[in-house]
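Written out below as structure tokens is the structure these notes cover.
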Amino acid sequence: MDSEKDTVGDVLAAHIARTSLQDIPETAIRAAKQVMLDTIAVAWAATDLPGSKPLHDLAVREGGARDATLFAYGERVPAGAAALVNGTYAAALDYDCLHEASVMHCDAVILPAALAMAERESVTGEEFLCAVTLGNDLACRLGLSHRENPAGWFASSVYGCIAAAAVCAKLLKLDARGIRNAMGIAFSNAAGTRQPIAERSFTKRMQTAFAAQTGVQAALLAQAGINGPAAFLEGEAGVWKLYGKGDVNAVLDGLGKTYANAEISLKKYPSCAGNHCAIEGASRIVHGNGLKPADIKHARLTVTPFIEKITGQPFAPGDDPQVDAQFNLYYSVASVLLRGHLKIEDIQPPAVFDPAVRPMIERIEMVVDRSLNTKLSPVTVEIATNDGRVFREHIRHLPGTPETPLSAQEVEEKFDACTSLGVDPLEADRARRLVDRVLAIEGVPDMRQFFAGIARQAA
């Protein structure tokens, strides 16, 4: 830090304020574009899920300034409302990107907030791209600082709102003090809990959306002259005292030189990341050996304690069967053993309540390796067949991570599949227009026109 009086927030705010797109490595810029396309696509697919239209209708009915576009629908609503609605869509399918090391759902917070503010302020594409890249890097760094979480806070929300506030304040062209105030204000409204995950409730998908909305509001309050606490991270009642022990070095080391957003993973499956290694292992065995459901006698999944905690409970679909399916290891693997895949249609109620699911789940055993102190990997999948064969796959890395990235074909197929769904499926021309606009976003003169010719009512 520059002086003994500087807080961590001062250092972060100064960095955010002075950084331009020209200062950011090309690898981070390319990653930001790819992540942006992925987030918009998975959000687009979620716009017709149960609960999505009522949320849209509420935002439209409340009305107000026509600041920013609602994904797929195209109406304009106040920036905070757009961040909330679009943020909910981005997280709804649990198909949004993840920074594995910090377990941060960063872009589901940052993109809806930044895009809403960018439209509101009519900033250039270059300014937007700089801000959203900085925001994802900051969110990942803050997540990496989170060393303990004894109380069950949802880190993507707790830290996401602070990073979103910094992004939105930059788009408002606030100085370093204004950006720091915005982050402090956001901290004053920070929340997010794992309880919706435990209960498989609809508000699970709104955790990061609330954070996006908070980021927008905090920046606008800072612009209006409201100040916030400066030591919001390390203070005597800051994040690292209230929410769990933190590590300042994880936040500041390499700041402005290395960008964590280049390490963000694109999800291969529409499911909690805790299921992905098991899905991958089962898929490799099934497809590599041509197995049919009738061939399978028994499956054993050896997982980490973290996976057991978040997705290893018995499968009992209730009021929100989609969330139940997304957060259940047994269901995810059973879908692969039954159908050969876990796709968006496999987490919809007809598939979840397929009578063939329960008998397949009864053939799946979960074993927890208590010696593993990692989170989402490794996982070992063993499948025994009725004719005496045994197949084994050990998955060391989460699919989609830098160690095992999705292929260009897989990325394209995911984008096409997602944008072909929702309330306004994109035909080839509009989908191509969206891709081209994001890939050349530096040249967009006014982000208020970003969705023109893409969302059906955007103008």
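Ordering of the structure tokens sets the chain letters (A, B, ...), residue numbers begin anew at 1 in every chain, and ligands are numbered from 1 in the order given.
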Tell me, as a PyMOL selection string, which residues lie within 7 Å of range 423-432 of chain A, counting only C-alpha atoms; anything in the same chain fewer than 3 positions away does not count.
chain A and resi 47-48+72+419-420+435-436+454
Residues within 7 Å of Cys106 in chain A, please, as a compact mmCIF listing (two decimals) with N, CA and C atoms, in the first residue's frame. Count only C-alpha atoms; anything in the same chain fewer than 4 positions from it doesn't count.
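And here's part.txt as it stands now:
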# COMPACT_ATOMS: atom_id res chain seq x y z
N LEU A 98 -17.58 -19.92 -13.69
CA LEU A 98 -17.12 -20.07 -12.32
C LEU A 98 -15.60 -19.90 -12.28
N ILE A 110 -21.10 -9.37 -12.11
CA ILE A 110 -20.44 -8.23 -12.74
C ILE A 110 -21.09 -7.83 -14.05
N ASN A 136 -14.35 -8.41 -12.94
CA ASN A 136 -14.21 -9.85 -12.75
C ASN A 136 -12.90 -10.20 -12.06
N ALA A 139 -13.45 -9.34 -8.37
CA ALA A 139 -14.33 -10.31 -7.72
C ALA A 139 -13.57 -11.60 -7.41
N CYS A 140 -12.78 -12.07 -8.37
CA CYS A 140 -12.00 -13.29 -8.15
C CYS A 140 -10.98 -13.10 -7.04
N SER A 156 -19.92 -15.33 -3.36
CA SER A 156 -20.16 -14.65 -4.63
C SER A 156 -21.01 -13.40 -4.44
N GLY A 160 -19.15 -10.10 -4.44
CA GLY A 160 -19.60 -9.67 -5.76
C GLY A 160 -20.17 -8.27 -5.76
Pro293 in chain A: which residues within 10 Å, counting only C-alpha atoms, same-chain residues fewer than 5 positions away excluded, as a list of chain:residue names?
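After dropping sequence-adjacent residues, the list is A:Val286, A:Ala334, A:Val336, A:Leu337, A:Leu338, A:Arg339, A:Gly340, A:Ala356, A:Met360, A:Thr385.
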How close does each residue of range 354-435 of chain A get to range 313-320 of chain A, giving the shortest atom pair and distance in Å to one decimal for every residue with an atom at most 12 Å away, counting only C-alpha atoms, sorted by chain and residue number, as CSV?
residue,atom,partner,partner_atom,distance
A:Asp354,CA,A:Pro317,CA,11.5
A:Val357,CA,A:Phe315,CA,10.0
A:Arg358,CA,A:Phe315,CA,8.7
A:Pro359,CA,A:Phe315,CA,11.9
A:Met360,CA,A:Phe315,CA,11.7
A:Ile361,CA,A:Phe315,CA,8.3
A:Glu362,CA,A:Phe315,CA,10.3
A:Ile364,CA,A:Pro314,CA,11.0
A:Glu365,CA,A:Pro314,CA,10.8
A:Met366,CA,A:Gln313,CA,9.8
Could the residues of range 106-178 of chain A that have an atom at most 9 Å from range 192-207 of chain A be listed as CSV, each with its closest atom pair and the distance in Å to one decimal, counting only C-alpha atoms and ordered by chain and ascending residue number?
residue,atom,partner,partner_atom,distance
A:Ala151,CA,A:Thr193,CA,8.7
A:Gly152,CA,A:Arg194,CA,5.6
A:Trp153,CA,A:Thr193,CA,4.4
A:Phe154,CA,A:Thr193,CA,4.6
A:Ala155,CA,A:Gly192,CA,7.2
A:Ser156,CA,A:Gly192,CA,7.8
A:Ser157,CA,A:Gly192,CA,5.0
A:Val158,CA,A:Gly192,CA,5.9
Mind dumping the selected residues with C-alpha atoms as a short mmCIF file (atom, residue, chain, number, x, y, z; two decimals), in the first residue's frame?
data_model
loop_
_atom_site.label_atom_id
_atom_site.label_comp_id
_atom_site.auth_asym_id
_atom_site.auth_seq_id
_atom_site.Cartn_x
_atom_site.Cartn_y
_atom_site.Cartn_z
CA ALA A 151 -21.31 -18.97 9.08
CA GLY A 152 -22.50 -20.12 5.64
CA TRP A 153 -22.20 -16.83 3.74
CA PHE A 154 -22.38 -17.02 -0.06
CA ALA A 155 -19.07 -15.47 -1.08
CA SER A 156 -20.16 -14.65 -4.63
CA SER A 157 -22.73 -12.27 -3.16
CA VAL A 158 -20.68 -10.88 -0.27
#
Among range 320-420 of chain A, which residues carry a DSSP assignment of alpha helix (DSSP H), reported as a count of residues only?
38
So that I can check the surroundings of Leu171 in chain A, please list as an NGL selection string every protein, DNA and RNA residue that reaches within 10 Å of it, counting only C-alpha atoms and ignoring chain neighbours fewer than 5 positions away.
:A and (17 or 114-115 or 117-124 or 127-128 or 130-132 or 165-166 or 179 or 219)
With C-alpha atoms retained, export the selected residues as a tab-separated table (two decimals), in the first residue's frame.
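Listed below is the output, selection.tsv:
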chain	number	residue	atom	x	y	z
A	17	ALA	CA	-9.72	4.52	-11.37
A	114	ALA	CA	-21.87	-3.32	-15.65
A	115	LEU	CA	-24.09	-3.70	-18.70
A	117	MET	CA	-24.78	0.99	-15.96
A	118	ALA	CA	-23.07	1.12	-19.34
A	119	GLU	CA	-26.43	1.41	-21.09
A	120	ARG	CA	-27.65	4.00	-18.59
A	121	GLU	CA	-24.58	6.17	-19.11
A	122	SER	CA	-24.16	5.58	-22.86
A	123	VAL	CA	-20.47	4.79	-22.39
A	124	THR	CA	-18.33	3.40	-25.18
A	127	GLU	CA	-14.98	1.82	-21.45
A	128	PHE	CA	-17.39	-1.00	-20.75
A	130	CYS	CA	-12.27	-2.20	-19.40
A	131	ALA	CA	-14.68	-1.98	-16.48
A	132	VAL	CA	-16.11	-5.49	-16.80
A	165	ALA	CA	-19.97	-1.29	-7.11
A	166	ALA	CA	-16.39	-0.56	-8.19
A	179	ILE	CA	-15.03	4.32	-6.24
A	219	ALA	CA	-22.34	3.52	-7.25
Find the nearest atom pair between each residue of range 380-425 of chain A and range 257-277 of chain A for residues within 8 Å, count only C-alpha atoms, give distances in Å to one decimal, sort rows by chain and ascending number, and present the table as CSV.
residue,atom,partner,partner_atom,distance
A:Ile395,CA,A:Cys277,CA,5.9
A:Arg396,CA,A:Cys277,CA,7.9
A:His397,CA,A:Cys277,CA,7.2
A:Leu398,CA,A:Cys277,CA,5.6
A:Pro399,CA,A:Lys268,CA,6.4
A:Gly400,CA,A:Ser265,CA,5.1
A:Thr401,CA,A:Ser265,CA,4.6
A:Pro402,CA,A:Glu263,CA,6.1
A:Pro405,CA,A:Ser265,CA,7.5
A:Leu406,CA,A:Lys268,CA,7.3
A:Lys414,CA,A:Lys268,CA,8.0
Residue nearest Gly80 in chain A - candidates A:Ile279, A:Ala299, A:Ala46, A:Cys168, atoms counted: only C-alpha atoms
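Closest candidate: A:Cys168.
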Take CA of Leu329 in chain A and CA of Thr311 in chain A and report the distance between them in Å, one decimal.
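Separation between CA of Leu329 in chain A and CA of Thr311 in chain A: 5.2 Å.
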